Each structure stands twice: as C-alpha cells, then as structure tokens.
Amino acid sequence: MDNQTDERDSLIVDMLRADPTVLNTRIGEALEVSNATVGARIRKLKETGVVRVVASTDIRAAGFEILAIGSVEVAPGAPDTCHRVATELARVPQIITIGTQLHQEQIMFHMIGRDTSDIERLLATTASSIEEIKAAHARVVLSSYKHSLNSGPIVEIKPDFQRRLRELTDTRLSERYAKRELSVLAMLHGDGRMSLREVARRLDYPESQVRTIFRKFENTPGILNYQTIVNPRALGHRYVHQVYIKASYCLLPDIVNQLKIMPEVLGLATMSGTMNLALSTTVPSRAELQEFVTERIPAIDGIEEIEVVDMLRGYKFDGSWTLPVAREDEVSAP
C-alpha cells in the first residue's frame, strides 16, 4: 500500500475484502488491538479514499435487466469541456460508472436499463441534452462472467445521500418501498458498515423503525448485499484500463475461462459488436500492462484483435448495484 497506510491497515483491508460485514471485535482480536482502534483506523481509511464498504442492491430487484458499455465523444476545445460533460453524465441515475479515457475528448461509462430499447432511448436523450456531445455509442453486454466492483477509484469519499435517494426513487423500488424505507437503503448504499443507531440518528427516525425496515430488506433477496471497494492505488496498482477484444466465437468458452482466472482482470463480459469481449483491468506498472496485452492475452488461442484504452479520471464509481454474473455452465459460444 502507499505511505498513507501501514501493515495493520493492510490487514484490516484484507479482512474487509474477505468479509465486508466482519465485526470490529473480530478484526480487533486478529490484530490484538481495541475496538476503538479498529474503528478509528477504518474511519481514516474511508476518509483518505483507500477503502469503502457499501450495501448494494441487485439491478434486477430495481427493474433493470440490461448492462451496456458505452462512450461519448465531446467537441474538442476548452480543456475543461470533457470534465463538464463527465460531471453532467454522472448525474444520470442509470449511469453507474464513468471516467475519461486517454484521448481527452472521450468518456467511457457503464449504463443499466430495463431493456435494450430503454438503453437506446436513454442514450439518445442524454446525448441530445448535452450540447458538447458529438457522438454517443453503447454496446449491450450479452453475458457478464466477472464483474468486480470491489476495486476502483473512490470517487465519493463523502457519500452523497441525496443523490442516492433520488436514484433509488427513480427505480421500480419506489413501487415497493416508501420514501422512508428508501432513505434507509440510500444511507446503507453510502456506508454499509454504518450502525442502525447511526442511520436512525442521521435520518431522525426512531431506531426501532429503522431496525424493522432493515429486517424487511434482509428478508427480501437481492436488496442488501455488501462489498468492499478498494482504491487500486492503495494496492500499488496505478493503471486502470478497458481492454476490448475480438475473439473467435467457436473458442469463446475457453477464452472466457482463461481470462476469468487472471488476477489483473476485474471485469469480463461478452457484448454486441465486432469487438465482442470487454475486460476491465488494473496493473501496477506500464511494463506489466505491456506484458499483459502483448504477450499473455495474445497467447490465448482465438484472440484476433486487441484494443486498449487508458482510464485517466473517475467521476462516478458506484458500488450500489450488484450486477448479474453468468454461472459456469452458462459460458457458451453464441
């Protein structure tokens, strides 16, 4: 890890990654320190953008079935044009991750929708509402075989409760839950380790009511999952990339299985289009990236073409949604 952390911090992060809901007492026992020391260290790790634990909800529970990988091209000009557009796109509830690419006029994002037509409609509406966007493209994810939102930039060091509540209210969850219930969920989406007493205090609700709401969520599959998000820089990984691959359809199952076990691969999905595989990767150095994309990936039989895109800055990295991942027996060629 970087110089903001020490060996104890590293062990705390490892335990949180293994079990996001692990009790402070259990961490304290392992490190032979007090609960207060564990709590203080976790607060520091959150405040410095090293780690966050969030509650997440299955996208299907909110009425979303489709994941798409997209990009927009903005008009060249003022240096802050791309920043302004990315900031504006981050406000779209269905866009769950967004960042700038190596070419300053390109922005990459992940978007969720109810169906394919919903993705197309939302993309067209969003692009037409922002004058600087000159072109927008999205490729539908056909099957996701690995999707790790537990390694990415900590964009929101201080969670935006009002934004999360608005986004939850804009889903089908609002048909099932009242605003007070969604407020509790929004709080937990921002900090999955927040005590129910603290949730009640911040929302000014009776603690007994918050506990009742929490039990209701726990008894509904897909509503409350937990994940630890760790900033790759805290692990010494300073380079995050999106890698697009053109792979042979007939060899796709074997290609997927080989890529899936590589530790550098955070996300792996088949998608529509000529480049039919998308990888999210993180590596410590340029040299290791070079080896990964010029030697290790091409060594897999059936890889026909590779395109690598640097990710420069994150504007939104939302662990609030759990995305569907295909089972082993669903890895099959189209």
# chains A, B, ... in the order shown; residues from 1 in each chain; ligands from 1
>>> residues_around(residues="A:Lys158", least_positions_apart="4", cutoff="10 Å", atoms="only C-alpha atoms", output="ChimeraX atom specification")
/A:46-47,49,154,190-191
>>> select_by_dssp(residues="stretch 207-315 of chain A", states="strand (DSSP E)", output="PyMOL selection string")
chain A and resi 225-230+239-247+265-271+277-283+303-315
>>> closest_residue(among="A:Lys216, A:Arg52, A:Arg41, A:Arg313", to="A:Arg176", atoms="only C-alpha atoms")
A:Lys216
>>> select_by_dssp(residues="stretch 1-240 of chain A", states="helix (DSSP H, G or I)", output="ChimeraX atom specification")
/A:7-18,24-31,35-47,59-62,81-89,116-129,161-169,173-176,179-190,196-203,207-218,232-235
>>> atom_distance(atom1="atom CA of A:Pro284", atom2="atom CA of A:Ala234")
10.6 Å
>>> residues_around(residues="A:Pro159", least_positions_apart="2", cutoff="10 Å", atoms="only C-alpha atoms", output="PyMOL selection string")
chain A and resi 52+155-157+161-164+186-187+189-191
>>> closest_residue(among="A:Glu181, A:Glu305, A:Glu32, A:Glu7", to="A:Leu203", atoms="only C-alpha atoms")
A:Glu181
>>> closest_residue(among="A:Gln242, A:Gly273, A:Ala86, A:Met194", to="A:Asn24", atoms="only C-alpha atoms")
A:Met194
>>> closest_residue(among="A:Leu45, A:Val53, A:Ile245, A:Ile59", to="A:Gly192", atoms="only C-alpha atoms")
A:Val53
>>> residues_around(residues="A:Glu264", least_positions_apart="4", cutoff="9 Å", atoms="only C-alpha atoms", output="list of chain:residue names")
A:Ser280, A:Thr281, A:Thr282, A:Val283, A:Phe292
>>> residues_around(residues="stretch 130-139 of chain A", least_positions_apart="2", cutoff="6 Å", atoms="only C-alpha atoms", output="list in words")
Ala68, Ile69, Gly70, Ser71, Val72, Glu73, Val74, Ala75, Ala127, Ser128 and Ser272 of chain A
>>> write_last_selection(atoms="C-alpha atoms", output="compact mmCIF listing (two decimals), in the first residue's frame")
# COMPACT_ATOMS: atom_id res chain seq x y z
CA ALA A 68 -24.26 -1.67 -21.56
CA ILE A 69 -20.74 -0.37 -22.08
CA GLY A 70 -20.70 2.97 -23.86
CA SER A 71 -18.69 6.03 -24.75
CA VAL A 72 -19.30 9.59 -25.85
CA GLU A 73 -17.18 11.90 -27.93
CA VAL A 74 -17.15 15.57 -26.99
CA ALA A 75 -16.27 18.54 -29.15
CA ALA A 127 -26.66 12.88 -25.75
CA SER A 128 -29.13 15.36 -27.21
CA SER A 272 -22.56 -6.91 -29.08
>>> atom_distance(atom1="atom CA of A:Pro93", atom2="atom CA of A:Glu167")
5.1 Å
